[in-house]
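Student: Here's a structure for you.
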Amino acid sequence: MVKLTFDEHGWGTRPLIPLLPPELMAQIGRYFNQHGIRTTVHISHEYRARQAIEAGVNTL
């Protein structure tokens with residue numbers, strides 16, 4: 001399983017992290033799914049969850 005982060009919030013004292021473009025997330029998901037590896041994504045709100053689902057991520 002591959003875990004992606006699709007969240008623009010930082011962790012603790014770290015600054016904001018760059019947001020993974022949805023098109024790239026879809027390409028990553030397709031690649032790993034074609035090789036029999038499931039993908040999951042860390043999200044913190046509904047809007048990003050919907051984008052991840054549309055991109056083809058297997059689990060939230």
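Just so we're on the same page: first chain in the structure tokens is A, next is B, and so on; residues restart at 1 for each chain, and ligands are numbered from 1 in the order they show up.
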Which of chain A counts as alpha helix (DSSP H) under DSSP, as a PyMOL selection string please?
Tutor: chain A and resi 22-34+46-55
Student: Name the residues of chain A that fall into strand (DSSP E) according to DSSP on the backbone, using the chain letters and numbers of this document, as an MDAnalysis selection string.
Tutor: chainID A and resid 2:5 39:42
Student: Can you pull out the residues contacting Val2 (chain A)? Cut-off 12 Å, using only C-alpha atoms, and skip same-chain residues under 5 positions away; I want them as a PyMOL selection string.
Tutor: chain A and resi 25+28-33+35-42+57-60
Student: Deliver the residues from the most recent selection as a file, using C-alpha atoms, as a PDB file, in the first residue's frame.
Tutor:
```
ATOM      1  CA  MET A  25      -2.235  11.994  -7.792  1.00  0.00           C
ATOM      2  CA  ILE A  28       0.338   7.860  -9.245  1.00  0.00           C
ATOM      3  CA  GLY A  29      -2.858   5.984  -8.398  1.00  0.00           C
ATOM      4  CA  ARG A  30      -3.125   4.480 -11.886  1.00  0.00           C
ATOM      5  CA  TYR A  31       0.510   3.391 -11.850  1.00  0.00           C
ATOM      6  CA  PHE A  32       0.287   1.584  -8.526  1.00  0.00           C
ATOM      7  CA  ASN A  33      -3.142   0.092  -9.265  1.00  0.00           C
ATOM      8  CA  HIS A  35       0.925  -3.025 -10.468  1.00  0.00           C
ATOM      9  CA  GLY A  36      -1.527  -4.442  -7.902  1.00  0.00           C
ATOM     10  CA  ILE A  37      -0.673  -1.963  -5.150  1.00  0.00           C
ATOM     11  CA  ARG A  38      -3.488  -0.106  -3.407  1.00  0.00           C
ATOM     12  CA  THR A  39      -3.320   3.597  -2.617  1.00  0.00           C
ATOM     13  CA  THR A  40      -4.597   5.517   0.368  1.00  0.00           C
ATOM     14  CA  VAL A  41      -4.573   9.233   1.042  1.00  0.00           C
ATOM     15  CA  HIS A  42      -4.331  11.434   4.131  1.00  0.00           C
ATOM     16  CA  VAL A  57      -7.382   6.714  -4.864  1.00  0.00           C
ATOM     17  CA  ASN A  58      -8.504   3.411  -3.295  1.00  0.00           C
ATOM     18  CA  THR A  59      -9.035   4.475   0.325  1.00  0.00           C
ATOM     19  CA  LEU A  60      -9.120   7.578   2.501  1.00  0.00           C
TER      20      LEU A  60
END
```
Student: Any idea what the distance is between CA of His45 (chain A) and CA of Leu20 (chain A)?
Tutor: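 Those two atoms sit 15.0 Å apart.
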